[in-house]
Protein chains: 2
Amino acid sequence: MAVVIPFESPAGASVDRLVSHVSSDMTRVNAAILSCTGSEVTMIPEVANHLITSGGKRLRPMLTLAMAQLSGYEGDGHVKLAASVEFMHTATLLHDDVVDESDMRRGKLAARMLWGNEASVLVGDFLLGQAFKLMVEVGSLRSLEILSNAAAVIAEGEVRQLAAAKNTATTEDEYLAVVRAKTAELFAAACEVGPVVADLPKAEQAACRSFGMNLGIAFQLVDDALDYGGKAAKLGKNVGDDFREGKITLPVVLAFRRGSDSEREFWRRTLETGEIGANDLEHAIALMAKHRALDDTITRARHYGAIARDALALFPDCEIKQALEEAVEFAVSRTH
Amino acid sequence: MAVVIPFESPAGASVDRLVSHVSSDMTRVNAAILSCTGSEVTMIPEVANHLITSGGKRLRPMLTLAMAQLSGYEGDGHVKLAASVEFMHTATLLHDDVVDESDMRRGKLAARMLWGNEASVLVGDFLLGQAFKLMVEVGSLRSLEILSNAAAVIAEGEVRQLAAAKNTATTEDEYLAVVRAKTAELFAAACEVGPVVADLPKAEQAACRSFGMNLGIAFQLVDDALDYGGKAAKLGKNVGDDFREGKITLPVVLAFRRGSDSEREFWRRTLETGEIGANDLEHAIALMAKHRALDDTITRARHYGAIARDALALFPDCEIKQALEEAVEFAVSRTH
């Protein structure tokens with residue numbers, strides 16, 4: 001499967017600059033992460049490290065560090081807050097794999113395939129507990145409020161998605177509400193706690209939150225497009241995973257609505273009832289091309305990227321701000 | 001003041017087709033509206049008719065009628081629902097003028113200038129009461145639920161905007177939340193009740209609601225841009241009204257964020273403290289041009305317009321659907 005996504009990807013935009021700006025802080029975050037996954041119960045570090053060392057981009061904790069830098073923060077709290085953001089994310093991944101019955105995660109077997117569903121659920125809970133412990137150590141009540149609220153919103157979003165039957169007629173608004181809760185809320189919280197620990201005024205806190213929220217939406221929409229048009233090796237998961245799992249994402253929402261009656265029948269059969277034949281993924285991708293569903297998903301993502309950039313315009317121009325702007329450009333133009 | 005807005009307006013898109021498709025139903029709506037403003041208290045029909053006969057486009061009740069048609073509705077309820085939607089809108093305008101201390105409305109003196117604030121508030125309440133009476137007569141509990149919920153959301157949005165101090169550092173997200181509540185919610189409800197009285201499935205109801213919500217957002221954003229770049233005669237209000245009233249709209253949000261420190265000082269002085277000199281409006285418009293704030297407001301509006309169009313794609317192609325799509329195009333490309 002080597003379908004290459006058809007939208008242009010201006011060379012150059014990457015997260016390299018962001019990575020290099022936060023690299024010394026990130027070393028400390030990684031140390032905090034490793035020290036917190038220790039336990040006498042050997043299965044805990046095994047499962048946790050399986051996922052933690054599997055080479056995620058750590059975009060969320062990087063955002064916390066970058067926002068703290070952008071806010072001129074000089075304390076230590078951002079390191080533990082960044083670690084707890086990553087723990088919250090990892091816990092979500094462990095639980096998601098169980099709910100979605102996924103086999104693969106980041107190019108490796110999902111933890112649940114190696115240790116079982118029970119271990120994935122419980123180690124996820126353990127990591128969530130560690131996340132809260134780290135937050136409490138920082139002692140910023142407002143940060144605790146932001147992150148614990150995010151945890152509740154994320155969980156609520158997952159339950160809402162679970163409770164709603166697989167519905168190809170989902171509106172774009174309904175889908176976006178799920179994206180906001182499941183993905184963007186953690187980006188928003190990760191960004192917001194930076195200016196909060198730095199004691200910046202409310203306007204700057206809201207700006208960082210808005211940056212994270214809109215970057216998160218853009219990021220997820222591009223992810224959705226890539227699942228139908230990326231390269232398996234670079235994705236770290238298989239092209240068509242969303243399709244096989246019957247996930248209703250924006251490319252599906254657009255292709256379904258723009259499709260003919262027989263096309264809609266195809267989407268209902270494959271995604272709602274799960275009867276997927278040998279050539280169905282290829283057909284799905286062809287329908288998306290016909291209706292420009294992937295291109296327009298990227299166009300929508302660019303809208304949220306533009307809002308993210310404008311949100312940050314409140315801050316004086318500096319290198320870390322440029323690195324964050326470049327991260328937005330990367331998020332909307334990446335091909336993996 | 002003859003600043004012409006710089007974005008292209010493709011000739012042709014208009015609401016004419018929508019108007020002609022609903023014209024016979026609209027005659028009945030107008031009759032219902034006139035019969036409900038009768039009262040022995042002569043001030044009530046005077047104030048109500050002043051606004052009701054002042055030539056608003058009646059876009060909201062037209063949407064209710066069009067959605068009922070699109071849904072194949074064959075009953076009578078849509079006429080009274082459309083009338084109550086217009087009453088809700090008129091009541092909001094009367095109350096808004098009092099809150100905003102506006103002098104003009106639709107090219108005429110605002111009702112409060114002729115009959116005073118008290119009459120505007122109370123006649124607004126009277127119209128809201130009439131709106132609920134009409135809804136109850138239709139007997140669709142779900143429609144009552146949708147419209148009464150909209151009334152609460154609109155009022156909550158107004159109070160939130162009032163309670164928040166004038167804040168030039170408002171984020172785009174925060175501003176959009178206000179637009180959703182104050183403007184788009186009524187568009188959404190007006191559209192949703194069409195398929196509801198026609199007993200269409202939930203997916204079609206959600207599609208119509210989504211169409212209205214996103215059309216409403218697009219409509220308001222273009223309004224915001226026109227307030228700094230339209231022509232006074234066609235607007236029916238003065239260019240710069242929002243500026244003089246210190247309203248924080250999307251063009252301001254973008255120009256403020258993208259501006260220099262001294263430019264931000266200008267926005268704070270004029271909008272937050274209300275010290276407006278002779279050339280300040282011209283300067284404000286120049287700053288918006290410099291930062292492409294009006295163009296990008298329109299670009300953002302086009303995003304919501306695209307979502308509205310896709311929402312409706314669920315319905316089979318027909319003339320009324322095309323008329324609705326053209327109304328979206330009109331909303332984002334109009335110059336008045």
# chains A, B, ... in the order shown; residues from 1 in each chain; ligands from 1
>>> interface_residues(of="chain A", to="chain B", cutoff="6 Å", atoms="only C-alpha atoms", output="list in words")
Ala169, Ala203, Arg257, Arg258, Ala313 and Leu314 of chain A
>>> residues_around(residues="Glu145 (chain A)", least_positions_apart="3", cutoff="12 Å", atoms="only C-alpha atoms", output="PDB file with all heavy atoms, in the first residue's frame")
ATOM      1  N   PHE A 132      -0.944  13.041  38.150  1.00  0.00           N
ATOM      2  CA  PHE A 132      -1.503  13.922  39.176  1.00  0.00           C
ATOM      3  C   PHE A 132      -0.509  14.161  40.305  1.00  0.00           C
ATOM      4  O   PHE A 132      -0.406  15.265  40.834  1.00  0.00           O
ATOM      5  CB  PHE A 132      -2.837  13.371  39.690  1.00  0.00           C
ATOM      6  CG  PHE A 132      -3.963  13.668  38.758  1.00  0.00           C
ATOM      7  CD1 PHE A 132      -4.452  12.715  37.878  1.00  0.00           C
ATOM      8  CD2 PHE A 132      -4.515  14.950  38.716  1.00  0.00           C
ATOM      9  CE1 PHE A 132      -5.476  13.011  36.989  1.00  0.00           C
ATOM     10  CE2 PHE A 132      -5.542  15.261  37.829  1.00  0.00           C
ATOM     11  CZ  PHE A 132      -6.022  14.283  36.963  1.00  0.00           C
ATOM     12  N   MET A 135       1.874  16.811  39.137  1.00  0.00           N
ATOM     13  CA  MET A 135       1.220  18.134  39.133  1.00  0.00           C
ATOM     14  C   MET A 135       1.150  18.702  40.536  1.00  0.00           C
ATOM     15  O   MET A 135       1.403  19.891  40.751  1.00  0.00           O
ATOM     16  CB  MET A 135      -0.219  17.999  38.636  1.00  0.00           C
ATOM     17  CG  MET A 135      -0.396  17.765  37.167  1.00  0.00           C
ATOM     18  SD  MET A 135      -2.182  17.550  36.866  1.00  0.00           S
ATOM     19  CE  MET A 135      -2.170  16.124  35.806  1.00  0.00           C
ATOM     20  N   VAL A 136       0.772  17.849  41.497  1.00  0.00           N
ATOM     21  CA  VAL A 136       0.625  18.329  42.868  1.00  0.00           C
ATOM     22  C   VAL A 136       1.969  18.812  43.393  1.00  0.00           C
ATOM     23  O   VAL A 136       2.050  19.826  44.094  1.00  0.00           O
ATOM     24  CB  VAL A 136       0.040  17.216  43.771  1.00  0.00           C
ATOM     25  CG1 VAL A 136       0.048  17.654  45.236  1.00  0.00           C
ATOM     26  CG2 VAL A 136      -1.376  16.868  43.318  1.00  0.00           C
ATOM     27  N   GLY A 139       2.673  22.341  42.676  1.00  0.00           N
ATOM     28  CA  GLY A 139       2.007  23.249  43.616  1.00  0.00           C
ATOM     29  C   GLY A 139       1.239  24.389  42.979  1.00  0.00           C
ATOM     30  O   GLY A 139       0.806  25.305  43.670  1.00  0.00           O
ATOM     31  N   SER A 140       1.061  24.378  41.668  1.00  0.00           N
ATOM     32  CA  SER A 140       0.255  25.421  41.031  1.00  0.00           C
ATOM     33  C   SER A 140      -1.187  24.939  40.946  1.00  0.00           C
ATOM     34  O   SER A 140      -1.541  24.097  40.129  1.00  0.00           O
ATOM     35  CB  SER A 140       0.798  25.719  39.627  1.00  0.00           C
ATOM     36  OG  SER A 140      -0.212  26.302  38.824  1.00  0.00           O
ATOM     37  N   LEU A 141      -2.024  25.508  41.820  1.00  0.00           N
ATOM     38  CA  LEU A 141      -3.424  25.061  41.864  1.00  0.00           C
ATOM     39  C   LEU A 141      -4.123  25.265  40.538  1.00  0.00           C
ATOM     40  O   LEU A 141      -4.908  24.431  40.084  1.00  0.00           O
ATOM     41  CB  LEU A 141      -4.181  25.811  42.961  1.00  0.00           C
ATOM     42  CG  LEU A 141      -4.221  25.104  44.313  1.00  0.00           C
ATOM     43  CD1 LEU A 141      -5.006  25.932  45.313  1.00  0.00           C
ATOM     44  CD2 LEU A 141      -4.843  23.710  44.168  1.00  0.00           C
ATOM     45  N   ARG A 142      -3.834  26.376  39.886  1.00  0.00           N
ATOM     46  CA  ARG A 142      -4.497  26.675  38.608  1.00  0.00           C
ATOM     47  C   ARG A 142      -4.082  25.654  37.540  1.00  0.00           C
ATOM     48  O   ARG A 142      -4.902  25.202  36.747  1.00  0.00           O
ATOM     49  CB  ARG A 142      -4.159  28.100  38.179  1.00  0.00           C
ATOM     50  CG  ARG A 142      -4.741  28.529  36.854  1.00  0.00           C
ATOM     51  CD  ARG A 142      -6.251  28.717  36.895  1.00  0.00           C
ATOM     52  NE  ARG A 142      -6.754  28.910  35.533  1.00  0.00           N
ATOM     53  CZ  ARG A 142      -7.777  28.245  34.996  1.00  0.00           C
ATOM     54  NH1 ARG A 142      -8.438  27.362  35.712  1.00  0.00           N
ATOM     55  NH2 ARG A 142      -8.158  28.471  33.771  1.00  0.00           N
ATOM     56  N   SER A 148      -6.555  18.725  35.317  1.00  0.00           N
ATOM     57  CA  SER A 148      -7.563  17.750  35.740  1.00  0.00           C
ATOM     58  C   SER A 148      -8.863  17.960  34.972  1.00  0.00           C
ATOM     59  O   SER A 148      -9.559  17.003  34.630  1.00  0.00           O
ATOM     60  CB  SER A 148      -7.784  17.812  37.253  1.00  0.00           C
ATOM     61  OG  SER A 148      -8.177  19.104  37.642  1.00  0.00           O
ATOM     62  N   ASN A 149      -9.147  19.222  34.650  1.00  0.00           N
ATOM     63  CA  ASN A 149     -10.309  19.472  33.794  1.00  0.00           C
ATOM     64  C   ASN A 149     -10.119  18.828  32.421  1.00  0.00           C
ATOM     65  O   ASN A 149     -11.047  18.223  31.869  1.00  0.00           O
ATOM     66  CB  ASN A 149     -10.541  20.976  33.638  1.00  0.00           C
ATOM     67  CG  ASN A 149     -11.736  21.264  32.745  1.00  0.00           C
ATOM     68  OD1 ASN A 149     -12.852  20.881  33.059  1.00  0.00           O
ATOM     69  ND2 ASN A 149     -11.491  21.895  31.602  1.00  0.00           N
ATOM     70  N   ALA A 150      -8.893  18.942  31.889  1.00  0.00           N
ATOM     71  CA  ALA A 150      -8.613  18.319  30.584  1.00  0.00           C
ATOM     72  C   ALA A 150      -8.836  16.810  30.658  1.00  0.00           C
ATOM     73  O   ALA A 150      -9.425  16.207  29.759  1.00  0.00           O
ATOM     74  CB  ALA A 150      -7.188  18.641  30.137  1.00  0.00           C
ATOM     75  N   ALA A 151      -8.370  16.189  31.749  1.00  0.00           N
ATOM     76  CA  ALA A 151      -8.537  14.739  31.899  1.00  0.00           C
ATOM     77  C   ALA A 151     -10.013  14.368  31.852  1.00  0.00           C
ATOM     78  O   ALA A 151     -10.409  13.390  31.196  1.00  0.00           O
ATOM     79  CB  ALA A 151      -7.910  14.268  33.212  1.00  0.00           C
ATOM     80  N   ALA A 152     -10.844  15.185  32.516  1.00  0.00           N
ATOM     81  CA  ALA A 152     -12.284  14.900  32.530  1.00  0.00           C
ATOM     82  C   ALA A 152     -12.894  15.100  31.145  1.00  0.00           C
ATOM     83  O   ALA A 152     -13.708  14.291  30.684  1.00  0.00           O
ATOM     84  CB  ALA A 152     -12.984  15.800  33.556  1.00  0.00           C
ATOM     85  N   ALA A 189      -4.456  22.416  27.088  1.00  0.00           N
ATOM     86  CA  ALA A 189      -4.030  22.429  28.491  1.00  0.00           C
ATOM     87  C   ALA A 189      -2.507  22.442  28.583  1.00  0.00           C
ATOM     88  O   ALA A 189      -1.924  23.175  29.392  1.00  0.00           O
ATOM     89  CB  ALA A 189      -4.608  21.223  29.221  1.00  0.00           C
ATOM     90  N   GLU A 192      -1.482  25.925  27.937  1.00  0.00           N
ATOM     91  CA  GLU A 192      -1.977  26.935  28.877  1.00  0.00           C
ATOM     92  C   GLU A 192      -1.166  26.960  30.181  1.00  0.00           C
ATOM     93  O   GLU A 192      -0.963  28.026  30.767  1.00  0.00           O
ATOM     94  CB  GLU A 192      -3.459  26.650  29.185  1.00  0.00           C
ATOM     95  CG  GLU A 192      -4.152  27.779  29.945  1.00  0.00           C
ATOM     96  CD  GLU A 192      -5.634  27.497  30.178  1.00  0.00           C
ATOM     97  OE1 GLU A 192      -6.097  26.384  29.791  1.00  0.00           O
ATOM     98  OE2 GLU A 192      -6.322  28.369  30.739  1.00  0.00           O
ATOM     99  N   VAL A 193      -0.706  25.778  30.625  1.00  0.00           N
ATOM    100  CA  VAL A 193      -0.017  25.774  31.932  1.00  0.00           C
ATOM    101  C   VAL A 193       1.325  26.503  31.881  1.00  0.00           C
ATOM    102  O   VAL A 193       1.833  26.932  32.919  1.00  0.00           O
ATOM    103  CB  VAL A 193       0.170  24.336  32.483  1.00  0.00           C
ATOM    104  CG1 VAL A 193      -1.182  23.709  32.811  1.00  0.00           C
ATOM    105  CG2 VAL A 193       0.956  23.455  31.514  1.00  0.00           C
ATOM    106  N   VAL A 196       0.683  30.030  32.788  1.00  0.00           N
ATOM    107  CA  VAL A 196       0.082  30.012  34.130  1.00  0.00           C
ATOM    108  C   VAL A 196       1.161  29.925  35.197  1.00  0.00           C
ATOM    109  O   VAL A 196       1.161  30.714  36.145  1.00  0.00           O
ATOM    110  CB  VAL A 196      -0.930  28.843  34.255  1.00  0.00           C
ATOM    111  CG1 VAL A 196      -1.236  28.543  35.721  1.00  0.00           C
ATOM    112  CG2 VAL A 196      -2.222  29.184  33.517  1.00  0.00           C
TER     113      VAL A 196
END
>>> residues_around(residues="Glu74 (chain B)", least_positions_apart="6", cutoff="10 Å", atoms="only C-alpha atoms", output="PyMOL selection string")
chain B and resi 68+197-198
>>> closest_residue(among="B:Ser84, B:Lys166, B:Val41, B:Val153", to="Val123 (chain B)", atoms="only C-alpha atoms")
B:Val41
